[in-house]
>>> print(open('work_1.txt').read())   # compact mmCIF, C-alpha atoms
# COMPACT_ATOMS: atom_id res chain seq x y z
CA MET A 19 3.35 28.34 -9.35
CA GLN A 20 6.92 29.62 -9.20
CA PRO A 21 7.78 31.80 -12.22
CA ILE A 22 10.17 30.29 -14.73
CA SER A 23 13.28 32.40 -15.23
CA ASP A 24 16.90 32.13 -16.26
CA THR A 25 17.79 31.84 -12.56
CA THR A 26 15.74 28.68 -12.04
CA SER A 27 18.02 25.76 -11.19
CA THR A 28 18.08 23.32 -14.11
CA ALA A 29 21.06 21.15 -13.19
CA THR A 30 20.36 17.46 -13.56
CA ARG A 31 21.70 15.42 -10.66
CA PRO A 32 22.20 11.73 -11.47
CA SER A 33 23.18 9.33 -8.72
CA ALA A 34 26.67 9.90 -7.37
CA GLN A 35 29.35 9.27 -9.96
CA GLN A 36 26.99 7.27 -12.19
CA PRO A 37 27.94 8.43 -15.69
CA THR A 38 25.30 10.04 -17.84
CA VAL A 39 25.26 9.02 -21.48
CA VAL A 40 24.70 12.04 -23.73
CA LEU A 41 23.60 11.15 -27.25
CA VAL A 42 24.26 13.51 -30.18
CA HIS A 43 22.32 12.80 -33.37
CA GLY A 44 23.57 13.29 -36.90
CA ALA A 45 22.31 15.17 -39.93
CA TRP A 46 18.65 14.76 -41.00
CA ALA A 47 17.75 13.47 -37.54
CA ASP A 48 16.78 14.54 -34.05
CA GLY A 49 17.02 13.02 -30.60
CA SER A 50 14.25 10.52 -31.33
CA THR A 51 16.65 8.59 -33.57
CA TRP A 52 18.08 7.11 -30.37
CA SER A 53 14.75 5.85 -28.96
CA ARG A 54 15.49 2.10 -29.16
CA LEU A 55 18.97 2.57 -27.74
CA ILE A 56 17.70 4.83 -24.95
CA SER A 57 15.26 2.15 -23.81
CA LEU A 58 18.00 -0.48 -23.70
CA LEU A 59 20.34 1.74 -21.70
CA GLN A 60 17.61 2.80 -19.28
CA GLU A 61 16.79 -0.86 -18.66
CA LYS A 62 20.40 -1.17 -17.47
CA GLY A 63 19.91 1.75 -15.08
CA VAL A 64 21.87 4.22 -17.20
CA ASN A 65 21.08 7.93 -17.10
CA VAL A 66 20.55 9.14 -20.68
CA VAL A 67 20.13 12.56 -22.30
CA ALA A 68 19.48 13.00 -26.03
CA VAL A 69 20.55 16.39 -27.37
CA GLN A 70 18.27 18.21 -29.83
CA ASN A 71 20.65 20.06 -32.15
CA PRO A 72 19.37 22.71 -34.60
CA LEU A 73 21.53 21.51 -37.52
CA THR A 74 21.99 25.10 -38.64
CA SER A 75 25.80 25.06 -38.41
CA LEU A 76 28.52 23.06 -36.72
CA GLU A 77 29.14 25.99 -34.38
CA ASP A 78 25.46 26.08 -33.33
CA ASP A 79 25.37 22.33 -32.78
CA ILE A 80 28.52 22.36 -30.66
CA ALA A 81 27.08 25.20 -28.55
CA THR A 82 23.79 23.36 -28.06
CA THR A 83 25.59 20.18 -27.04
CA ARG A 84 27.76 22.10 -24.60
CA ARG A 85 24.68 23.60 -22.96
CA ALA A 86 23.34 20.08 -22.47
CA LEU A 87 26.64 18.99 -20.93
CA GLU A 88 26.77 21.98 -18.60
CA ARG A 89 23.35 21.11 -17.15
CA LEU A 90 24.72 17.81 -15.89
CA GLN A 91 26.67 16.91 -12.78
CA GLY A 92 29.04 13.97 -12.71
CA PRO A 93 30.91 12.16 -15.47
CA VAL A 94 29.59 11.91 -19.02
CA VAL A 95 30.05 9.39 -21.82
CA LEU A 96 29.47 11.43 -24.98
CA VAL A 97 28.14 9.55 -28.01
CA GLY A 98 27.91 10.91 -31.56
CA TRP A 99 26.36 9.38 -34.65
CA SER A 100 27.37 10.35 -38.20
CA TYR A 101 27.79 14.16 -38.43
CA GLY A 102 27.28 14.14 -34.65
CA GLY A 103 30.82 12.82 -34.41
CA ALA A 104 32.09 16.21 -35.58
CA VAL A 105 30.05 17.81 -32.81
CA ILE A 106 31.36 15.58 -30.01
CA THR A 107 34.94 15.94 -31.26
CA GLU A 108 34.92 19.56 -30.05
CA ALA A 109 32.16 19.53 -27.43
CA GLY A 110 33.89 16.58 -25.79
CA GLN A 111 36.53 18.95 -24.46
CA ASN A 112 34.14 19.83 -21.62
CA ASP A 113 35.66 18.75 -18.31
CA ASN A 114 32.82 16.40 -17.35
CA VAL A 115 33.20 14.32 -20.53
CA LYS A 116 35.25 11.24 -19.65
CA ALA A 117 34.85 9.09 -22.78
CA LEU A 118 33.78 9.41 -26.41
CA VAL A 119 31.83 6.90 -28.50
CA TYR A 120 31.65 7.39 -32.27
CA VAL A 121 28.85 5.51 -34.05
CA ALA A 122 29.60 5.46 -37.80
CA ALA A 123 30.67 9.03 -37.17
CA PHE A 124 33.11 11.73 -38.22
CA ALA A 125 36.13 11.93 -35.90
CA LEU A 126 37.73 15.10 -37.21
CA SER A 127 41.27 16.37 -36.87
CA GLU A 128 41.93 19.89 -35.58
CA GLY A 129 41.05 22.54 -38.14
CA MET A 130 39.19 20.08 -40.37
CA SER A 131 35.59 19.88 -41.58
CA VAL A 132 33.40 16.95 -42.57
CA ASN A 133 33.79 17.77 -46.25
CA GLN A 134 37.56 18.08 -46.00
CA THR A 135 37.81 14.80 -44.13
CA ALA A 136 35.75 12.90 -46.70
CA LYS A 137 37.18 14.43 -49.89
CA ASP A 138 39.82 11.77 -50.53
CA TYR A 139 37.25 8.95 -50.53
CA PRO A 140 34.69 8.05 -53.22
CA PRO A 141 31.39 9.87 -52.65
CA PRO A 142 28.98 7.52 -50.86
CA SER A 143 25.91 6.53 -52.86
CA GLY A 144 23.53 8.15 -50.39
CA PHE A 145 24.64 11.63 -51.35
CA ASN A 146 23.08 11.16 -54.79
CA HIS A 147 19.75 11.44 -52.98
CA VAL A 148 20.25 14.73 -51.15
CA GLN A 149 18.07 17.72 -52.08
CA ALA A 150 18.74 21.39 -51.28
CA ASP A 151 16.16 24.15 -50.84
CA LYS A 152 16.64 27.83 -51.69
CA ASP A 153 18.00 28.56 -48.20
CA GLY A 154 20.70 25.90 -48.33
CA PHE A 155 18.97 23.32 -46.13
CA LEU A 156 19.41 19.70 -47.20
CA THR A 157 17.02 16.77 -46.97
CA LEU A 158 17.13 13.15 -48.09
CA THR A 159 14.66 11.66 -50.55
CA LEU A 160 12.59 8.66 -49.50
CA GLU A 161 14.82 6.47 -51.67
CA GLY A 162 17.85 7.99 -49.98
CA VAL A 163 16.51 6.99 -46.58
CA GLN A 164 15.26 3.54 -47.56
CA GLN A 165 18.14 2.42 -49.78
CA HIS A 166 21.13 4.30 -48.42
CA LEU A 167 20.69 5.73 -44.90
CA ALA A 168 18.74 2.79 -43.50
CA GLN A 169 18.70 -0.04 -46.05
CA ASP A 170 18.83 -2.66 -43.26
CA ILE A 171 15.80 -1.27 -41.41
CA ALA A 172 12.17 -2.29 -41.97
CA PRO A 173 10.34 -0.20 -44.61
CA GLU A 174 7.64 0.95 -42.20
CA GLN A 175 10.32 2.34 -39.91
CA THR A 176 12.23 4.04 -42.72
CA LYS A 177 9.04 5.87 -43.67
CA VAL A 178 8.95 7.31 -40.15
CA ILE A 179 12.63 8.29 -40.42
CA PHE A 180 11.86 10.05 -43.71
CA ALA A 181 8.79 11.82 -42.31
CA THR A 182 10.62 13.10 -39.22
CA GLN A 183 13.96 14.04 -40.76
CA HIS A 184 15.39 17.39 -39.68
CA PRO A 185 16.66 19.56 -42.58
CA THR A 186 20.38 20.25 -42.20
CA HIS A 187 22.14 23.35 -43.47
CA ALA A 188 24.84 22.59 -46.03
CA SER A 189 27.31 24.87 -44.24
CA SER A 190 27.35 22.42 -41.32
CA PHE A 191 29.56 20.12 -43.35
CA ASP A 192 32.08 22.91 -43.94
CA GLY A 193 32.35 23.88 -40.27
CA LYS A 194 35.78 23.23 -38.78
CA VAL A 195 36.60 22.02 -35.29
CA SER A 196 39.05 24.17 -33.36
CA VAL A 197 39.93 21.60 -30.69
CA VAL A 198 39.70 17.81 -30.60
CA ALA A 199 38.72 15.88 -27.50
CA TRP A 200 39.95 12.48 -28.65
CA THR A 201 43.57 13.48 -28.07
CA THR A 202 42.96 13.43 -24.31
CA LYS A 203 39.85 11.26 -23.83
CA PRO A 204 39.49 7.49 -24.40
CA SER A 205 37.44 6.68 -27.48
CA TRP A 206 35.34 3.85 -28.89
CA TYR A 207 34.23 3.55 -32.51
CA VAL A 208 31.47 1.51 -34.14
CA VAL A 209 32.28 0.89 -37.82
CA SER A 210 29.33 0.07 -40.09
CA GLU A 211 30.54 -2.31 -42.79
CA GLN A 212 27.55 -1.73 -45.11
CA ASP A 213 27.39 2.04 -44.75
CA ARG A 214 26.24 4.01 -47.80
CA MET A 215 26.51 7.46 -46.21
CA ILE A 216 30.08 7.42 -44.82
CA GLN A 217 32.55 5.13 -46.54
CA PRO A 218 33.47 2.19 -44.25
CA ASP A 219 37.14 2.63 -45.20
CA LEU A 220 36.96 6.23 -44.02
CA GLN A 221 35.37 5.12 -40.76
CA THR A 222 38.17 2.62 -40.20
CA ALA A 223 40.81 5.23 -40.96
CA MET A 224 39.27 7.70 -38.51
CA ALA A 225 38.99 5.05 -35.81
CA GLN A 226 42.66 4.17 -36.24
CA LYS A 227 43.68 7.84 -36.22
CA ILE A 228 42.07 8.44 -32.83
CA SER A 229 43.31 5.10 -31.39
CA ALA A 230 39.76 4.05 -30.63
CA LYS A 231 38.65 0.63 -29.49
CA VAL A 232 36.81 -0.59 -32.59
CA THR A 233 33.67 -2.68 -32.96
CA THR A 234 32.72 -3.58 -36.54
CA LEU A 235 29.09 -4.39 -37.31
CA PRO A 236 27.49 -5.77 -40.51
CA ALA A 237 25.17 -2.77 -40.56
CA GLY A 238 24.09 0.22 -42.60
CA HIS A 239 24.56 3.81 -41.53
CA ALA A 240 22.21 3.63 -38.53
CA PRO A 241 23.38 0.70 -36.38
CA HIS A 242 21.85 2.29 -33.28
CA ILE A 243 18.48 1.58 -34.93
CA SER A 244 19.19 -1.70 -36.74
CA GLN A 245 21.45 -3.24 -34.07
CA PRO A 246 20.80 -1.25 -30.88
CA SER A 247 21.87 -4.05 -28.52
CA GLU A 248 25.32 -4.21 -30.09
CA VAL A 249 25.75 -0.44 -29.92
CA ALA A 250 24.51 -0.43 -26.32
CA GLU A 251 27.22 -2.96 -25.42
CA VAL A 252 29.90 -0.60 -26.73
CA ILE A 253 28.50 2.27 -24.68
CA LEU A 254 28.29 0.08 -21.58
CA GLU A 255 31.94 -0.81 -22.09
CA ALA A 256 32.82 2.89 -22.13
CA ILE A 257 30.78 3.40 -18.96
CA ALA A 258 32.64 0.55 -17.26
CA HIS A 259 35.94 2.16 -18.20
CA VAL A 260 34.86 5.49 -16.71
CA THR A 261 33.69 3.91 -13.45
CA GLN A 262 36.56 1.49 -12.86
>>> encode(input="work_1.txt", output="structure tokens")
Amino acid sequence: MQPISDTTSTATRPSAQQPTVVLVHGAWADGSTWSRLISLLQEKGVNVVAVQNPLTSLEDDIATTRRALERLQGPVVLVGWSYGGAVITEAGQNDNVKALVYVAAFALSEGMSVNQTAKDYPPPSGFNHVQADKDGFLTLTLEGVQQHLAQDIAPEQTKVIFATQHPTHASSFDGKVSVVAWTTKPSWYVVSEQDRMIQPDLQTAMAQKISAKVTTLPAGHAPHISQPSEVAEVILEAIAHVTQ
């Protein structure tokens, strides 16, 4: 067996010029949050990579996402959900990223953080169900998941979401982006009308700010789980734009 080392080639080579969809999860989640969407995209022949971010800081999450992007050859459609939108806003500056898709996500302006961006809007009800440990890591209560993060998802599935949630450091929401990809890359935005984690009015304002093509869904905060087919259609539209 050949030894594994840092010189081993790890570049992923999708078929020529077929875009790879890179999925960036939000707070309290990991790459498995995209499982239903991944299956739908793979059925369409789409190459998909789900990033596993540490959720220790915005800087760490951007760096992890960039490493995932640098392993790929060919164009990328970069998708971010929730807090993951902050990550793709900066990581999307990578040259191979050709389009951005925000799914009920934070599209930040240069020099801004998640907390700064949300401060002028009423606090969403879900944040009444966030708990902090002694090290500053945040988790959602079961009620927070079932009634606010994923109120339109079956209870048995929300229990799995609760059990597998990834604690997120509070400082992540104060991290600021230094560059913004949406000024130079075409963007799509899925607005969740029934969101209880990011105010729908804030989502609409961010989508307008970045001149995104907007799709509005009657969904809670996790439309990629509750309405994966509709979210997949938006991503496929971005892919079509990249390949035209």
>>> residues_around(input="work_1.txt", residues="range 210-224 of chain A", least_positions_apart="4", cutoff="8 Å", atoms="only C-alpha atoms", output="compact mmCIF listing (two decimals) with C-alpha atoms, in the coordinates of the input")
# COMPACT_ATOMS: atom_id res chain seq x y z
CA SER A 100 27.37 10.35 -38.20
CA ALA A 122 29.60 5.46 -37.80
CA ALA A 123 30.67 9.03 -37.17
CA PHE A 124 33.11 11.73 -38.22
CA ALA A 125 36.13 11.93 -35.90
CA LEU A 126 37.73 15.10 -37.21
CA ALA A 136 35.75 12.90 -46.70
CA TYR A 139 37.25 8.95 -50.53
CA PRO A 140 34.69 8.05 -53.22
CA PRO A 141 31.39 9.87 -52.65
CA PRO A 142 28.98 7.52 -50.86
CA SER A 143 25.91 6.53 -52.86
CA GLY A 144 23.53 8.15 -50.39
CA PHE A 145 24.64 11.63 -51.35
CA HIS A 166 21.13 4.30 -48.42
CA LEU A 167 20.69 5.73 -44.90
CA ILE A 228 42.07 8.44 -32.83
CA THR A 234 32.72 -3.58 -36.54
CA LEU A 235 29.09 -4.39 -37.31
CA PRO A 236 27.49 -5.77 -40.51
CA ALA A 237 25.17 -2.77 -40.56
CA GLY A 238 24.09 0.22 -42.60
CA HIS A 239 24.56 3.81 -41.53
CA PRO A 241 23.38 0.70 -36.38
>>> residues_near_point(input="work_1.txt", point="(16.0, 10.1, -46.1)", cutoff="12 Å", atoms="all atoms listed in the file", output="PyMOL selection string")
chain A and resi 45-47+144-149+156-169+173+175-186+215+239-240
>>> write_last_selection(input="work_1.txt", atoms="C-alpha atoms", output="CSV table (one decimal), in the coordinates of the input")
chain,number,residue,atom,x,y,z
A,45,ALA,CA,22.3,15.2,-39.9
A,46,TRP,CA,18.6,14.8,-41.0
A,47,ALA,CA,17.8,13.5,-37.5
A,144,GLY,CA,23.5,8.2,-50.4
A,145,PHE,CA,24.6,11.6,-51.4
A,146,ASN,CA,23.1,11.2,-54.8
A,147,HIS,CA,19.8,11.4,-53.0
A,148,VAL,CA,20.2,14.7,-51.2
A,149,GLN,CA,18.1,17.7,-52.1
A,156,LEU,CA,19.4,19.7,-47.2
A,157,THR,CA,17.0,16.8,-47.0
A,158,LEU,CA,17.1,13.2,-48.1
A,159,THR,CA,14.7,11.7,-50.6
A,160,LEU,CA,12.6,8.7,-49.5
A,161,GLU,CA,14.8,6.5,-51.7
A,162,GLY,CA,17.8,8.0,-50.0
A,163,VAL,CA,16.5,7.0,-46.6
A,164,GLN,CA,15.3,3.5,-47.6
A,165,GLN,CA,18.1,2.4,-49.8
A,166,HIS,CA,21.1,4.3,-48.4
A,167,LEU,CA,20.7,5.7,-44.9
A,168,ALA,CA,18.7,2.8,-43.5
A,169,GLN,CA,18.7,0.0,-46.0
A,173,PRO,CA,10.3,-0.2,-44.6
A,175,GLN,CA,10.3,2.3,-39.9
A,176,THR,CA,12.2,4.0,-42.7
A,177,LYS,CA,9.0,5.9,-43.7
A,178,VAL,CA,9.0,7.3,-40.2
A,179,ILE,CA,12.6,8.3,-40.4
A,180,PHE,CA,11.9,10.0,-43.7
A,181,ALA,CA,8.8,11.8,-42.3
A,182,THR,CA,10.6,13.1,-39.2
A,183,GLN,CA,14.0,14.0,-40.8
A,184,HIS,CA,15.4,17.4,-39.7
A,185,PRO,CA,16.7,19.6,-42.6
A,186,THR,CA,20.4,20.2,-42.2
A,215,MET,CA,26.5,7.5,-46.2
A,239,HIS,CA,24.6,3.8,-41.5
A,240,ALA,CA,22.2,3.6,-38.5
>>> atom_distance(input="work_1.txt", atom1="CA of Leu118 in chain A", atom2="CA of Ala188 in chain A")
25.3 Å
>>> atom_distance(input="work_1.txt", atom1="CA of Ala258 in chain A", atom2="CA of Val95 in chain A")
10.3 Å
>>> atom_distance(input="work_1.txt", atom1="CA of Ser75 in chain A", atom2="CA of Asp153 in chain A")
13.0 Å
>>> residues_near_point(input="work_1.txt", point="(28.3, -3.4, -28.7)", cutoff="12 Å", atoms="all atoms listed in the file", output="mmCIF file with C-alpha atoms, in the coordinates of the input")
data_model
loop_
_atom_site.group_PDB
_atom_site.id
_atom_site.type_symbol
_atom_site.label_atom_id
_atom_site.label_comp_id
_atom_site.auth_asym_id
_atom_site.auth_seq_id
_atom_site.Cartn_x
_atom_site.Cartn_y
_atom_site.Cartn_z
ATOM 1 C CA LEU A 55 18.970 2.570 -27.740
ATOM 2 C CA LEU A 58 18.000 -0.480 -23.700
ATOM 3 C CA LEU A 59 20.340 1.740 -21.700
ATOM 4 C CA VAL A 119 31.830 6.900 -28.500
ATOM 5 C CA TYR A 120 31.650 7.390 -32.270
ATOM 6 C CA VAL A 121 28.850 5.510 -34.050
ATOM 7 C CA TRP A 206 35.340 3.850 -28.890
ATOM 8 C CA TYR A 207 34.230 3.550 -32.510
ATOM 9 C CA VAL A 208 31.470 1.510 -34.140
ATOM 10 C CA VAL A 209 32.280 0.890 -37.820
ATOM 11 C CA SER A 210 29.330 0.070 -40.090
ATOM 12 C CA LYS A 231 38.650 0.630 -29.490
ATOM 13 C CA VAL A 232 36.810 -0.590 -32.590
ATOM 14 C CA THR A 233 33.670 -2.680 -32.960
ATOM 15 C CA THR A 234 32.720 -3.580 -36.540
ATOM 16 C CA LEU A 235 29.090 -4.390 -37.310
ATOM 17 C CA PRO A 241 23.380 0.700 -36.380
ATOM 18 C CA HIS A 242 21.850 2.290 -33.280
ATOM 19 C CA GLN A 245 21.450 -3.240 -34.070
ATOM 20 C CA PRO A 246 20.800 -1.250 -30.880
ATOM 21 C CA SER A 247 21.870 -4.050 -28.520
ATOM 22 C CA GLU A 248 25.320 -4.210 -30.090
ATOM 23 C CA VAL A 249 25.750 -0.440 -29.920
ATOM 24 C CA ALA A 250 24.510 -0.430 -26.320
ATOM 25 C CA GLU A 251 27.220 -2.960 -25.420
ATOM 26 C CA VAL A 252 29.900 -0.600 -26.730
ATOM 27 C CA ILE A 253 28.500 2.270 -24.680
ATOM 28 C CA LEU A 254 28.290 0.080 -21.580
ATOM 29 C CA GLU A 255 31.940 -0.810 -22.090
ATOM 30 C CA ALA A 256 32.820 2.890 -22.130
#
>>> closest_residue(input="work_1.txt", among="A:Val105, A:Ala86, A:Val66, A:Val94", to="Ile257 in chain A", atoms="all atoms listed in the file")
A:Val94
>>> closest_residue(input="work_1.txt", among="A:Gly92, A:Gly193, A:Gly49, A:Gly44", to="Glu128 in chain A", atoms="all atoms listed in the file")
A:Gly193
>>> closest_residue(input="work_1.txt", among="A:Gly98, A:Gly103, A:Arg89, A:Leu76", to="Leu41 in chain A", atoms="all atoms listed in the file")
A:Gly98
>>> closest_residue(input="work_1.txt", among="A:Asn112, A:Thr38, A:Thr261, A:Thr107", to="Val198 in chain A", atoms="all atoms listed in the file")
A:Thr107
>>> residues_around(input="work_1.txt", residues="Val67 in chain A", least_positions_apart="3", cutoff="10 Å", atoms="only C-alpha atoms", output="list of chain:residue names")
A:Thr38, A:Val39, A:Val40, A:Leu41, A:Val42, A:Gly49, A:Trp52, A:Ile56, A:Val64, A:Gln70, A:Ala86, A:Leu87, A:Leu90, A:Leu96
>>> write_last_selection(input="work_1.txt", atoms="C-alpha atoms", output="compact mmCIF listing (two decimals), in the frame of the given file")
# COMPACT_ATOMS: atom_id res chain seq x y z
CA THR A 38 25.30 10.04 -17.84
CA VAL A 39 25.26 9.02 -21.48
CA VAL A 40 24.70 12.04 -23.73
CA LEU A 41 23.60 11.15 -27.25
CA VAL A 42 24.26 13.51 -30.18
CA GLY A 49 17.02 13.02 -30.60
CA TRP A 52 18.08 7.11 -30.37
CA ILE A 56 17.70 4.83 -24.95
CA VAL A 64 21.87 4.22 -17.20
CA GLN A 70 18.27 18.21 -29.83
CA ALA A 86 23.34 20.08 -22.47
CA LEU A 87 26.64 18.99 -20.93
CA LEU A 90 24.72 17.81 -15.89
CA LEU A 96 29.47 11.43 -24.98
>>> closest_residue(input="work_1.txt", among="A:Ser190, A:Ser196, A:Ser244, A:Thr51", to="Thr74 in chain A", atoms="only C-alpha atoms")
A:Ser190
>>> residues_around(input="work_1.txt", residues="Gln111 in chain A", least_positions_apart="4", cutoff="10 Å", atoms="all atoms listed in the file", output="list in words")
Arg84, Ile106, Thr107, Val115, Lys116, Val197, Val198, Ala199, Trp200, Thr201, Thr202 and Lys203 of chain A
>>> closest_residue(input="work_1.txt", among="A:Asn65, A:Thr83, A:Gln60, A:Asn133", to="Glu108 in chain A", atoms="all atoms listed in the file")
A:Thr83
>>> residues_around(input="work_1.txt", residues="Ser229 in chain A", least_positions_apart="3", cutoff="8 Å", atoms="all atoms listed in the file", output="ChimeraX atom specification")
/A:205,225-226
>>> write_last_selection(input="work_1.txt", atoms="C-alpha atoms", output="PDB file, in the frame of the given file")
ATOM      1  CA  SER A 205      37.440   6.680 -27.480  1.00  0.00           C
ATOM      2  CA  ALA A 225      38.990   5.050 -35.810  1.00  0.00           C
ATOM      3  CA  GLN A 226      42.660   4.170 -36.240  1.00  0.00           C
TER       4      GLN A 226
END
